Amino acid sequence: MRPRYSALSLLRHAVAETPWPRAWRVPDPKPTYDVVIIGGGGHGLATAYYLAAHHGIKDIAVVERAYIGSGNLGRNTTLVRSNYVLDGNTQFFEYSMKLWEGLSHELNFNVMLSQRGQIVLAHGPSQMDVLARKGNIMRLNGIDAELLDRGEVIKLLPYLDHSGEARFPICGGLFQQRAGTVRHDAVAWGYARAADSLGVDVIENCEVNSFVIDGDRVRGVNTTRGRISAGRTAIAVAGHSSHLAAMAGLRLPIESHLLQAFVSEPIKPFLDHVISFGAELFYISQSDKGGLVFGGHIDGFNSYTQRGQFPKVQTVAECAVALIPSISRLRLLRHWAGIQDMTPDGSPFICRTPLRDLYLNGGWCYQGFKATPAVGWCFAHTIANDDEHPLSRCYSLDRFARGRELDDYGVGNWTYKQ
Amino acid sequence: MFDRKSAIVGAMSPHGCNGADGHRRVRIGEAIGWDLVQIAAFAATSLELESTLRSIFRLDLPTNTGEVLNAGDLRLLKTGSEQYWIVIPDGDDLLRDLVVSVRPDVGAVTSLSHSRTRIVVEGSAARDLLAKGIALDLHTDVFVPGRFAQTGLHHTPVVIYRSGPSRYELFAMRTFALSVWEWLIDASLPFGYEIVAVGRDPLA
Amino acid sequence: MTRGPSRVSTGGRVDRSRPVEFSLDGRSMRGFHGDTLASASLANGVTLIGRSFKYHRPRGFLSAGSEEPNGLFTLGEGGRREPNIPGTTTYIAEGLSARCQNGWPSVGLDFMSVNSCVAPLLAAGFYYKTFMGPTRGAWMFYEPFIRRAAGLGRGSYERDPDRYETRYAFTDVLVIGAGPAGLTAALTAGRAGARVILVEQDLLLGGSLLLEEATGPAEAWRQHIEMEIKSLPNVEIMRRTTAQGLYDDGTVVLVERREHLRPDPTKGEARQIVTTLRTRAIVFATGAIERPLVFANNDRPGVMLASAVRSYLNRFAVACGQRMVIVTNNDSAYSTGFDLARVGATVIIADLRREIDQSLTARTEALRIELVLGSAIVDVLGRKSVKSVIIAEAPRLSNASEHTRPAKGRKVDCDLVCMAGGWSPVVHLTSHGGIKPRYREDIAAFVPGGYARGQFGAGALGGSFGLGAAIREGIEAGRSAAASCGRNMPPNQLSVLAPNIEDAVAQERYRIEPIWHLPHRRRAKAFVDFQNDVTVKDLTIAHQEGYTSVEHLKRYTTLGMGTDQGKTSNINAFAIMASLRDVEIPATATTTFRPPFTPIAIGALAGRTLGRHFRPTRRSPLHDWHLNHGGEMIEAGLWMRAWWYRWAGSDVGSAYIEEMRLVRNSVGISDISTLGKIDVQGPDAAELLNRIYVNGFAKLLVSKARYGVMLTDDGAVLDDGTTTRLSEFRYFMTTTTAQTGEVMSWLEFLLQTAWMDLQVHVTSVTDEWAGMVISGPKARAALELALPGHDVSNATLPYMGCLEIDLDGVPLRLIRLSFSGELAYEVYTPADFGVRLWEHFLTRAAPLGIRPYGLEALASLRVEKGHVAGLELDHRNTLDDLGLGKMASKEKPFVGCELRKRPSLQSSDRWSLVGIECLESEKRLRGGSILFAAAESIEGHGRGYITSVTWSNELEKFVALGLYQGGLIHEGEQIVCAYPLKGEQVKARIVAPMFLDPTGERLRV
Amino acid sequence: MCPICGERDYTEFRYGGDATKPRPSRETADPKVWHDYVFLFDNPKGLHREYWQHVLGCRQWLVLERNTATNEPGESRLARMDVVTCEGEPK
Ligand SMILES: Cc1cc2nc3c(=O)[nH]c(=O)nc-3n(C[C@H](O)[C@H](O)[C@H](O)COP(=O)(O)OP(=O)(O)OC[C@H]3O[C@@H](n4cnc5c(N)ncnc54)[C@H](O)[C@@H]3O)c2cc1C
Ligand SMILES: NC(=O)c1ccc[n+]([C@@H]2O[C@H](COP(=O)([O-])OP(=O)(O)OC[C@H]3O[C@@H](n4cnc5c(N)ncnc54)[C@H](O)[C@@H]3O)[C@@H](O)[C@H]2O)c1
Ligand SMILES: Cc1cc2nc3c(=O)[nH]c(=O)nc-3n(C[C@H](O)[C@H](O)[C@H](O)COP(=O)(O)O)c2cc1C
Ligand SMILES: [Zn+2]
């Protein structure tokens, strides 16, 4: 049994200088497991945890080709919120928000959920109407939301460009107080530690190269560390879903695109909220360490390189200065990119696949981090019961064939514009 | 008849501003009094259009996109594999002639005279000025005087024609022209600039 | 004897004839032109310049370059305030004001240093283990404290008054770094005839040559080469310019800093300039950075890198101390000792190695330097400055772990400690493209793992730590780079490049014994990452807990995540982790190098693209007229449009109602120049239209217009608009303002990738034509007044008819269409005539009371008429949703015709277009309201929502368009419009989406 | 890289998706064919053929070969010359 983390145990260790135990073991893969989950990101690890904690399946391996959290989990802008407008999305993301609210306790690992509030800005009356619709839907689903007029935004965020110089004047915004940020890496480590203590094998540096397929059934995976047989196999590899699906002979409604993220040098508290620009896709918050963390739109073409194009860096900087003129003198410290599954409607998949015993979670576009706990919850249900969870039933692969797209932003059928 | 009113007429008051070193190293102005016609072949008619044009102009057409043919006060720009722009002094009857000579099943003739604003930039800092916004290698060996390119400036499409070693003409989209103009003036600040009304006869 | 640093009276490369006043923490000080803030502070005897991040330990400068972790200042005031700026790369200028950071009330007396006492609690990852109780939201209570403690300097909320520029540049060869390798590379490539750009982050060229005495032969050579390079017109030298990142396609981003020139923004002088450079070849000559050694209290002010101490002496004429102890594991530190001894300092060298080169021993003897082989510093005494050190026997092997007990040592008084832990090549840029660095055992350092095509490396970057090698490699790299651009140079021209100066500078054979960590007392702190206060203890904890991959190590301890990005710390940490894990260093590898090389002002990246110029503004030809005649403007995408006019009211709410009244009762004129317009020409133009519009276009007659809707392949509505047949082969298409670009690209896509057989050409003529609509019962009368002599009767110009006329030499296109539901004419004229024509209508039709109306009225009139636009034309909606299903042709396939038939899209449950009328006279309808059936409980997603609302003068109530489940099946039913954001519920009724003139009599008169 | 205008900055172009999927003929009434064309992607890690439009230049649609694992561009050709990708359109 793992010792619990608490202020007291911290003090005890400090005084006695007893070494802390490993947060998770370093197991070698066993030849066979009940469930093999591919991908040690937030989704894979959360799924393993909920399977073990709530479905009584403990013989699980999470196989990760590099280190856990090395994918998008470790490189996202850490925003969590539940301001969605479409039936299905609203409930799913609010459920995730509720799980976030109890997660540090559930995992006994401080994931630093900071519900500092998010403001989505509007720059014209029709954008205000779009936000109003969203806010109304949220309220009607028991989610907190407030519509701010221009004066209220000025009061809350006086440092935005409210002057006559602004190219797109701010006329209001939608505020969700419960939205905020979570310490991303802690999510990987917290779930891994909790899953590990329930017996899950978290196997790093183990890349899946192909599936073991028997007729229409998947029976395991071949990895860089050998074959691992599995009763059920689950894909949770974020930007690499197509790549894995191709190994199983499947084509998906997914293109992999680059999304960049940016962090400034650390400064004293500067922004106390998460702010989303309305004129273009741009969002910013400040990490607890002091860096301003921000991001924009995908680079716009498919790529697996995990590094972005410079013009996008400039675009994002332009948005930053347009929104917060005084950010001009603060400095960009580092920027990087993640590989995102982009789908034609901007919504994900948590579902069974045409192959038996193979399950897919992918297509997360911009929103997979906030979804992490609910993904784990629903995907675990799907794997355990070979059936979709009611909350994620809308995220099926056949929704395009049926005409049941979930395009929350009304962007239209372009993966690269979603 | 109504007079033509340029998109940037409001910004055209002749004035200038010295640069940091006390000089005015660019001159900027608008060229007016010209017409622009686009002629494009259809998928299967490029050869036929070419021969029609050759017979109208009695000249060999440029072969590559980016090349320009100057003939008197007419200028012909090859803007695509089957597409040309013709710039002529306004009031010239050529447009009417073209509409008649290019059969509608051979080519599309579109007047674009009002769709572009033609801005002239010249001076020792002209290249440095344009390099702030145009992602093209403007080195004289590469972007040779007499050539043009279709490119972008400040997120808007522009055609840039190099009419001399340190003289450029920009065809900016009319609706964006004032934005482009303001951008140019602001970008000129460190070099020092002089706004000149270039006026008619831009082809001199 | 003075202790601590001071200016020496001769030498250096500062200009003693140009004194510069600056202030540090409010104290006025003097330095010289050419000084950095760091050298000038040291010259003024300042050693304590900051407090550390977590433990608030006193700190001084570690380095003399861009790798500086400690010496960060807040510069400037107000909108110019700028935190976290390294003093080592900031040149002082008259009036510069700098403040130390992270100490309260001052760095000398810092109350937060109590953190040091609870240090054991603050070890790596402590926050993951606590702050979770007592309630679930506990973190929200603790977080503000943590946030306040974190962060380094403080940002300003004021607008930055300075100016930044961005530009593009192109070259054949880019040489990064102007040390001996870069200088020779640039000269060689330049002589070969290539276009060359040489960038150097420093103000002076020379790189490590600047460490040499300012009067020696190295300096003469440096100046000679510089002159040679300057004589080449094809080589551009960019000083003070950092190559910040290498991107795809040979793109390198350069940032030039000019703040030391005190640029004046009102004169257009930029503070910083960002260049996006496209280059065909790159020579990396970025040199190497010296690294510290890890021992107890190695962070005390006065503990510095040996090369930095040499730089302060020879470049800035500052002796960093009078009594120094050098601790080294390699040869390079000796020159620092020699040079300081020469200016009279007492020097002791503790070399971790047991054997060193003869020549070094000889020179130490000659200079009376005490040399203690096989020894190390195991502790530093003194808090705010170094007082003494303990020297003890060095450990034998490199895998010294934390718990090796230090041997008993000897205490030596001193005021300066120099660390020489070996050199780390600056591989950053070489690996931005994804090439991982490779570990070289012999020099105990990572070097570039390879070079992509067109890329070359030279000098210390590749691990060649000697001057001769740097020059040789520089020449070779310059030659190859030029050759890769087709510029070949005969080798015999090279000899002149390298006068033999190798003998002139100290011959250095680079020998290193990699000892990464020196033993120390259990409780003492030995720092690995100075900026983020990561100690050996933290590495040990990370190791115990399993955060052992370098990436986890980094994220768990924050190692290398500061403003210096671990330039001095990473390798030490990786090596120590490797020894804890008992693996070789190559097995641990490095973390990922990411741009930028040094932090870049965000404003510099934005350049001039800010404020009003954040995005270009698109203006109608009538823009100025609106402004001058009481038009209030509003942004619509990139366009500015006239929203409402002052003649009609004092705010939008009152004005649009008045403007609507005008149109319904007499006649108004509105600017529709923003509509997308496409010239469609060719024998197959009709066929193209027929394929992309859902309704038939093949049979449209000349001089007739037709409304059409187009879909995307998935069956959702892409756009709507009217297309007019001008002649047999020519059509004039209009699109919505928002979708113009999209429609144009889509037509081009289909024509160029799929329907190449169609003889059609499309051209955007949006900018060519000004457009205006004259609308209202008196519209025809207005035309008759304005266009005397032209027949615009119902017979000549019927509804959906088009007339091209010539108004005194000005071409006009009159198309009789109606968006408002009234008799209306769209009039198009070439854009330059737009204002005149508009004024013409206003004056000629003045007797009828014609006035302009704006976007709000335009959009509201159409709501009353039930036309879809804006929020109804959402990419989620199908034809049927918008009540337009009947338009779809059954005779022909059209784009989207298959996928619109997908089962769910055909379901009768879809939310589709309805009209909504308000049933409560004292209340209003609002866009974004959620719709419920009467008596249904108000929760969940409802049955639809309101898209657009207007007050209807005719009906004297609010009416709206919306989408409702099942649509008009529910016509006549009462509903509730809920707007919980304002706590409102309004009763309303579903009606047909056409509030007036359902038979269209008005528009046909 | 534009075959008409030459080497250009990537900001002048706009991505247009997978160019390996032949557009079904207009007469194709099979919803599965359309579904696969519109919604499914090979999305390979490696060589990819894709559409780009030179929007700020000649406005031609191009087919570019690019390695999605490295972003290294290969050959580009005018889409209308690239007959392989297109099913003939019966008139
Ligand atoms: C820059 C950026 C910003 C973002 N910002 C936000 C945000 O603010 N809010 C939000 O909600 N979402 C955000 N997202 C999206 C979010 O990060 C992702 O959707 C989410 O992290 C994906 O789930 P994951 O954590 O499981 O993915 P990952 O962490 O990517 O996990 C997938 C794992 O699978 C592994 N893998 C891949 N192939 C194999 C193989 N063959 N064998 C074994 N293992 C394999 C990978 O190494 C990886 O570790 C952002 C994404 C990016 C890139
Ligand atoms: N004695 C030793 O052990 C030792 C060790 C290392 C280097 N050296 C000496 O260093 C020299 C090596 O010469 P070199 O030319 O390879 O290196 P260098 O260190 O002399 O020059 C590198 C230059 O590159 C610049 N630079 C680095 N990154 C940059 C960037 N991103 N943008 C712009 N500029 C950047 C630096 O400011 C520096 O001026 C030799 O003289 C050698 O003797 C000696
Ligand atoms: C929310 C967040 C905050 C970050 N803050 C910092 C930071 O303060 N300093 C830093 O160097 N990197 C920071 N990073 C970036 C990481 O160093 C790293 O670049 C990122 O996780 C991607 O990994 P990679 O660069 O190793 O590919 C941050 C990343 C995220 C997601
Ligand atoms: Zn082109």
# chains A, B, ... in the order shown; residues from 1 in each chain; ligands from 1
>>> residues_near_ligand(ligand="ligand 1", cutoff="7 Å", atoms="only C-alpha atoms and all ligand atoms", output="PyMOL selection string")
chain A and resi 38-44+63-80+206-209+236-240+244+258-261+295+337-340+364-372
>>> write_last_selection(atoms="C-alpha atoms", output="CSV table (one decimal), in the first residue's frame")
chain,number,residue,atom,x,y,z
A,38,ILE,CA,-2.5,2.0,-25.8
A,39,GLY,CA,-1.3,5.4,-24.9
A,40,GLY,CA,-0.1,6.7,-21.5
A,41,GLY,CA,-1.7,10.1,-21.8
A,42,GLY,CA,-4.4,11.4,-19.6
A,43,HIS,CA,-7.0,9.5,-21.3
A,44,GLY,CA,-5.3,6.1,-21.2
A,63,VAL,CA,1.5,0.9,-22.8
A,64,GLU,CA,3.2,4.1,-23.6
A,65,ARG,CA,5.8,4.5,-26.3
A,66,ALA,CA,7.8,7.2,-24.5
A,67,TYR,CA,7.2,8.5,-21.0
A,68,ILE,CA,3.7,9.1,-19.6
A,69,GLY,CA,2.3,12.5,-20.4
A,70,SER,CA,4.7,12.9,-23.3
A,71,GLY,CA,1.9,13.6,-25.8
A,72,ASN,CA,-0.7,16.3,-25.7
A,73,LEU,CA,-1.3,15.9,-22.0
A,74,GLY,CA,2.1,17.3,-21.4
A,75,ARG,CA,1.8,20.1,-23.9
A,76,ASN,CA,-1.7,21.5,-23.6
A,77,THR,CA,-2.8,24.9,-22.3
A,78,THR,CA,-4.5,23.2,-19.4
A,79,LEU,CA,-7.9,24.9,-19.7
A,80,VAL,CA,-10.9,23.1,-18.2
A,206,CYS,CA,6.9,0.5,-25.1
A,207,GLU,CA,5.5,1.3,-28.5
A,208,VAL,CA,2.7,-0.6,-30.2
A,209,ASN,CA,3.7,-1.5,-33.8
A,236,ALA,CA,-6.1,6.2,-26.5
A,237,VAL,CA,-3.3,7.7,-28.5
A,238,ALA,CA,-4.5,11.3,-29.2
A,239,GLY,CA,-2.9,12.6,-32.3
A,240,HIS,CA,-1.9,9.2,-33.5
A,244,LEU,CA,-3.0,3.0,-34.9
A,258,LEU,CA,-0.3,20.7,-35.2
A,259,LEU,CA,-1.5,22.9,-32.4
A,260,GLN,CA,1.1,25.2,-30.9
A,261,ALA,CA,1.3,26.4,-27.3
A,295,GLY,CA,-2.4,29.3,-27.7
A,337,ALA,CA,3.4,21.9,-30.6
A,338,GLY,CA,1.2,18.9,-30.1
A,339,ILE,CA,-0.4,16.6,-32.7
A,340,GLN,CA,-4.1,16.8,-32.6
A,364,TRP,CA,-10.3,15.1,-29.4
A,365,CYS,CA,-9.3,18.2,-31.3
A,366,TYR,CA,-8.8,21.1,-28.9
A,367,GLN,CA,-10.7,19.8,-26.0
A,368,GLY,CA,-9.3,16.5,-24.8
A,369,PHE,CA,-7.6,17.8,-21.7
A,370,LYS,CA,-10.7,19.1,-20.0
A,371,ALA,CA,-12.4,15.9,-21.0
A,372,THR,CA,-9.9,13.6,-19.4
>>> interface_residues(of="chain C", to="chain D", cutoff="7 Å", atoms="only C-alpha atoms", output="ChimeraX atom specification")
/C:713-714,749,752-756,893,898-899
>>> interface_residues(of="chain B", to="chain A", cutoff="12 Å", atoms="only C-alpha atoms", output="JSON list (two decimals) with N, CA and C atoms, in the first residue's frame")
[["chain", "number", "residue", "atom", "x", "y", "z"],
["B", 135, "ALA", "N", 6.71, 38.90, -48.43],
["B", 135, "ALA", "CA", 7.59, 37.76, -48.21],
["B", 135, "ALA", "C", 8.22, 37.30, -49.52],
["B", 154, "HIS", "N", 0.33, 42.62, -45.67],
["B", 154, "HIS", "CA", -0.56, 42.87, -44.55],
["B", 154, "HIS", "C", -1.86, 42.06, -44.69],
["B", 155, "HIS", "N", -1.70, 40.78, -44.95],
["B", 155, "HIS", "CA", -2.81, 39.83, -45.07],
["B", 155, "HIS", "C", -3.72, 40.08, -46.26]]
>>> residues_around(residues="region 604-618 of chain C", least_positions_apart="3", cutoff="9 Å", atoms="only C-alpha atoms", output="ChimeraX atom specification")
/A:161,164-168,313-323,325,328-329 /B:154-156,174-180,182-183,186-187 /C:163-167,255,271-274,600-601,635,637-640,674
>>> residues_around(residues="region 351-354 of chain C", least_positions_apart="3", cutoff="8 Å", atoms="only C-alpha atoms", output="VMD selection string")
chain C and resid 326 to 330 371 to 376 394 to 395 513 515
>>> residues_near_ligand(ligand="ligand 2", cutoff="7 Å", atoms="only C-alpha atoms and all ligand atoms", output="JSON, numbers by chain")
{"C": [176, 177, 178, 179, 180, 181, 182, 199, 200, 201, 202, 205, 206, 207, 208, 209, 241, 242, 243, 244, 285, 286, 287, 288, 331, 332, 423, 426, 429, 458, 459, 460, 461, 465, 466, 467, 470, 508, 510, 597]}
>>> residues_near_ligand(ligand="ligand 4", cutoff="9 Å", atoms="only C-alpha atoms and all ligand atoms", output="list of chain:residue names")
B:Thr65, B:Gly80, B:Gln150, B:Thr151, D:Met1, D:Cys2, D:Pro3, D:Ile4, D:Cys5, D:Gly6, D:Glu7, D:Arg8, D:Glu12, D:Phe13, D:Gln53, D:His54, D:Val55, D:Leu56, D:Gly57, D:Cys58, D:Arg59, D:Gln60, D:Trp61, D:Leu62
>>> residues_near_ligand(ligand="ligand 3", cutoff="7 Å", atoms="only C-alpha atoms and all ligand atoms", output="list in words")
Gly74, Arg75, Asn76, Thr77, Thr78, Arg183, His184, Val263, Glu265, Pro266, Ser287, Lys289, Gly291, Val293, Leu333, Arg334, His335, Trp336 and Ala337 of chain A; Glu551, Gly560, Met561, Gly562, Gln565, Thr591, Thr592, Phe593 and Arg594 of chain C
>>> write_last_selection(atoms="N, CA, C and O atoms", output="short mmCIF file (atom, residue, chain, number, x, y, z; two decimals), in the first residue's frame")
data_model
loop_
_atom_site.label_atom_id
_atom_site.label_comp_id
_atom_site.auth_asym_id
_atom_site.auth_seq_id
_atom_site.Cartn_x
_atom_site.Cartn_y
_atom_site.Cartn_z
N GLY A 74 0.97 16.52 -21.88
CA GLY A 74 2.10 17.29 -21.36
C GLY A 74 2.33 18.58 -22.09
O GLY A 74 3.26 19.30 -21.76
N ARG A 75 1.54 18.89 -23.08
CA ARG A 75 1.83 20.08 -23.88
C ARG A 75 0.58 20.92 -24.14
O ARG A 75 0.56 21.74 -25.03
N ASN A 76 -0.45 20.71 -23.36
CA ASN A 76 -1.66 21.49 -23.64
C ASN A 76 -1.76 22.71 -22.73
O ASN A 76 -1.02 22.86 -21.76
N THR A 77 -2.69 23.58 -23.07
CA THR A 77 -2.78 24.85 -22.34
C THR A 77 -3.62 24.75 -21.08
O THR A 77 -3.98 25.77 -20.49
N THR A 78 -3.99 23.58 -20.69
CA THR A 78 -4.54 23.21 -19.36
C THR A 78 -5.90 23.82 -19.02
O THR A 78 -6.26 23.89 -17.85
N ARG A 183 -3.12 21.52 -13.31
CA ARG A 183 -1.71 21.24 -13.55
C ARG A 183 -1.61 19.96 -14.37
O ARG A 183 -1.80 18.86 -13.85
N HIS A 184 -1.28 20.14 -15.66
CA HIS A 184 -1.42 19.03 -16.59
C HIS A 184 -0.60 17.79 -16.25
O HIS A 184 -1.12 16.68 -16.24
N VAL A 263 4.58 29.73 -23.82
CA VAL A 263 4.66 30.16 -22.42
C VAL A 263 5.64 31.31 -22.32
O VAL A 263 6.67 31.35 -23.00
N GLU A 265 8.01 34.01 -19.90
CA GLU A 265 8.83 33.95 -18.70
C GLU A 265 7.90 34.06 -17.47
O GLU A 265 6.80 34.59 -17.57
N PRO A 266 8.35 33.56 -16.33
CA PRO A 266 7.49 33.64 -15.14
C PRO A 266 7.46 35.06 -14.58
O PRO A 266 8.50 35.71 -14.44
N SER A 287 0.09 30.33 -15.46
CA SER A 287 0.32 29.11 -14.68
C SER A 287 0.69 29.49 -13.25
O SER A 287 1.09 30.62 -12.99
N LYS A 289 3.15 28.74 -11.78
CA LYS A 289 4.57 29.05 -11.74
C LYS A 289 4.84 30.47 -12.21
O LYS A 289 5.93 31.00 -12.00
N GLY A 291 4.25 31.67 -15.52
CA GLY A 291 4.31 31.85 -16.98
C GLY A 291 2.92 32.10 -17.54
O GLY A 291 1.95 31.50 -17.10
N VAL A 293 0.48 31.27 -20.22
CA VAL A 293 0.36 30.13 -21.11
C VAL A 293 -0.72 30.49 -22.13
O VAL A 293 -1.82 30.86 -21.76
N LEU A 333 8.98 32.67 -23.76
CA LEU A 333 10.07 31.84 -23.25
C LEU A 333 10.27 30.60 -24.11
O LEU A 333 11.39 30.18 -24.37
N ARG A 334 9.18 30.01 -24.53
CA ARG A 334 9.29 28.72 -25.21
C ARG A 334 7.99 28.47 -25.97
O ARG A 334 6.93 28.88 -25.52
N HIS A 335 8.10 27.84 -27.08
CA HIS A 335 6.87 27.39 -27.73
C HIS A 335 7.07 26.03 -28.34
O HIS A 335 8.18 25.65 -28.70
N TRP A 336 6.00 25.28 -28.42
CA TRP A 336 6.07 23.89 -28.84
C TRP A 336 4.76 23.55 -29.54
O TRP A 336 3.89 24.39 -29.67
N ALA A 337 4.64 22.34 -29.98
CA ALA A 337 3.40 21.94 -30.63
C ALA A 337 3.02 20.53 -30.25
O ALA A 337 3.86 19.73 -29.86
N GLU C 551 12.70 14.02 -19.04
CA GLU C 551 11.51 14.85 -19.23
C GLU C 551 10.67 14.91 -17.95
O GLU C 551 10.14 15.95 -17.59
N GLY C 560 15.52 23.54 -15.59
CA GLY C 560 15.70 24.00 -16.97
C GLY C 560 14.49 24.70 -17.55
O GLY C 560 14.42 24.92 -18.75
N MET C 561 13.53 25.05 -16.71
CA MET C 561 12.31 25.67 -17.23
C MET C 561 12.29 27.18 -17.03
O MET C 561 11.28 27.82 -17.24
N GLY C 562 13.39 27.73 -16.59
CA GLY C 562 13.41 29.17 -16.34
C GLY C 562 13.74 29.97 -17.58
O GLY C 562 13.78 29.44 -18.69
N GLN C 565 16.39 28.61 -19.63
CA GLN C 565 16.11 27.31 -20.25
C GLN C 565 17.23 26.30 -19.97
O GLN C 565 17.56 25.46 -20.82
N THR C 591 16.59 16.88 -22.79
CA THR C 591 15.22 17.30 -23.04
C THR C 591 15.20 17.98 -24.41
O THR C 591 16.24 18.20 -25.02
N THR C 592 14.00 18.31 -24.86
CA THR C 592 13.88 18.86 -26.20
C THR C 592 14.26 20.34 -26.23
O THR C 592 13.83 21.10 -25.37
N PHE C 593 15.07 20.70 -27.20
CA PHE C 593 15.40 22.12 -27.38
C PHE C 593 14.30 22.77 -28.21
O PHE C 593 13.93 22.26 -29.26
N ARG C 594 13.80 23.86 -27.71
CA ARG C 594 12.70 24.55 -28.39
C ARG C 594 13.06 26.02 -28.57
O ARG C 594 13.75 26.59 -27.73
#
>>> interface_residues(of="chain B", to="chain D", cutoff="12 Å", atoms="only C-alpha atoms", output="PyMOL selection string")
chain B and resi 43-44+63-67+78-84+133-137+142-143+147-160+172-173
>>> closest_residue(among="B:Leu76, B:Val144, B:Val196, B:Cys17", to="chain C", atoms="only C-alpha atoms")
B:Cys17
>>> decode(residues="region 147-154 of chain B", atoms="N, CA, C and O atoms", output="JSON list (two decimals), in the first residue's frame")
[["chain", "number", "residue", "atom", "x", "y", "z"],
["B", 147, "ARG", "N", 9.72, 42.90, -63.76],
["B", 147, "ARG", "CA", 8.89, 41.72, -63.46],
["B", 147, "ARG", "C", 7.86, 42.08, -62.40],
["B", 147, "ARG", "O", 7.96, 43.10, -61.72],
["B", 148, "PHE", "N", 6.89, 41.20, -62.28],
["B", 148, "PHE", "CA", 5.90, 41.43, -61.23],
["B", 148, "PHE", "C", 5.61, 40.11, -60.52],
["B", 148, "PHE", "O", 6.01, 39.04, -60.98],
["B", 149, "ALA", "N", 4.95, 40.20, -59.39],
["B", 149, "ALA", "CA", 4.56, 38.99, -58.66],
["B", 149, "ALA", "C", 3.22, 39.23, -57.98],
["B", 149, "ALA", "O", 2.91, 40.34, -57.57],
["B", 150, "GLN", "N", 2.46, 38.16, -57.88],
["B", 150, "GLN", "CA", 1.20, 38.23, -57.14],
["B", 150, "GLN", "C", 1.49, 37.67, -55.76],
["B", 150, "GLN", "O", 1.91, 36.53, -55.62],
["B", 151, "THR", "N", 1.29, 38.48, -54.76],
["B", 151, "THR", "CA", 1.69, 38.05, -53.43],
["B", 151, "THR", "C", 0.79, 38.71, -52.39],
["B", 151, "THR", "O", -0.32, 39.13, -52.71],
["B", 152, "GLY", "N", 1.27, 38.78, -51.15],
["B", 152, "GLY", "CA", 0.43, 39.35, -50.10],
["B", 152, "GLY", "C", 1.15, 40.46, -49.36],
["B", 152, "GLY", "O", 2.38, 40.50, -49.29],
["B", 153, "LEU", "N", 0.38, 41.39, -48.83],
["B", 153, "LEU", "CA", 0.93, 42.45, -48.00],
["B", 153, "LEU", "C", -0.09, 42.72, -46.90],
["B", 153, "LEU", "O", -1.26, 43.00, -47.21],
["B", 154, "HIS", "N", 0.33, 42.62, -45.67],
["B", 154, "HIS", "CA", -0.56, 42.87, -44.55],
["B", 154, "HIS", "C", -1.86, 42.06, -44.69],
["B", 154, "HIS", "O", -2.96, 42.59, -44.58]]
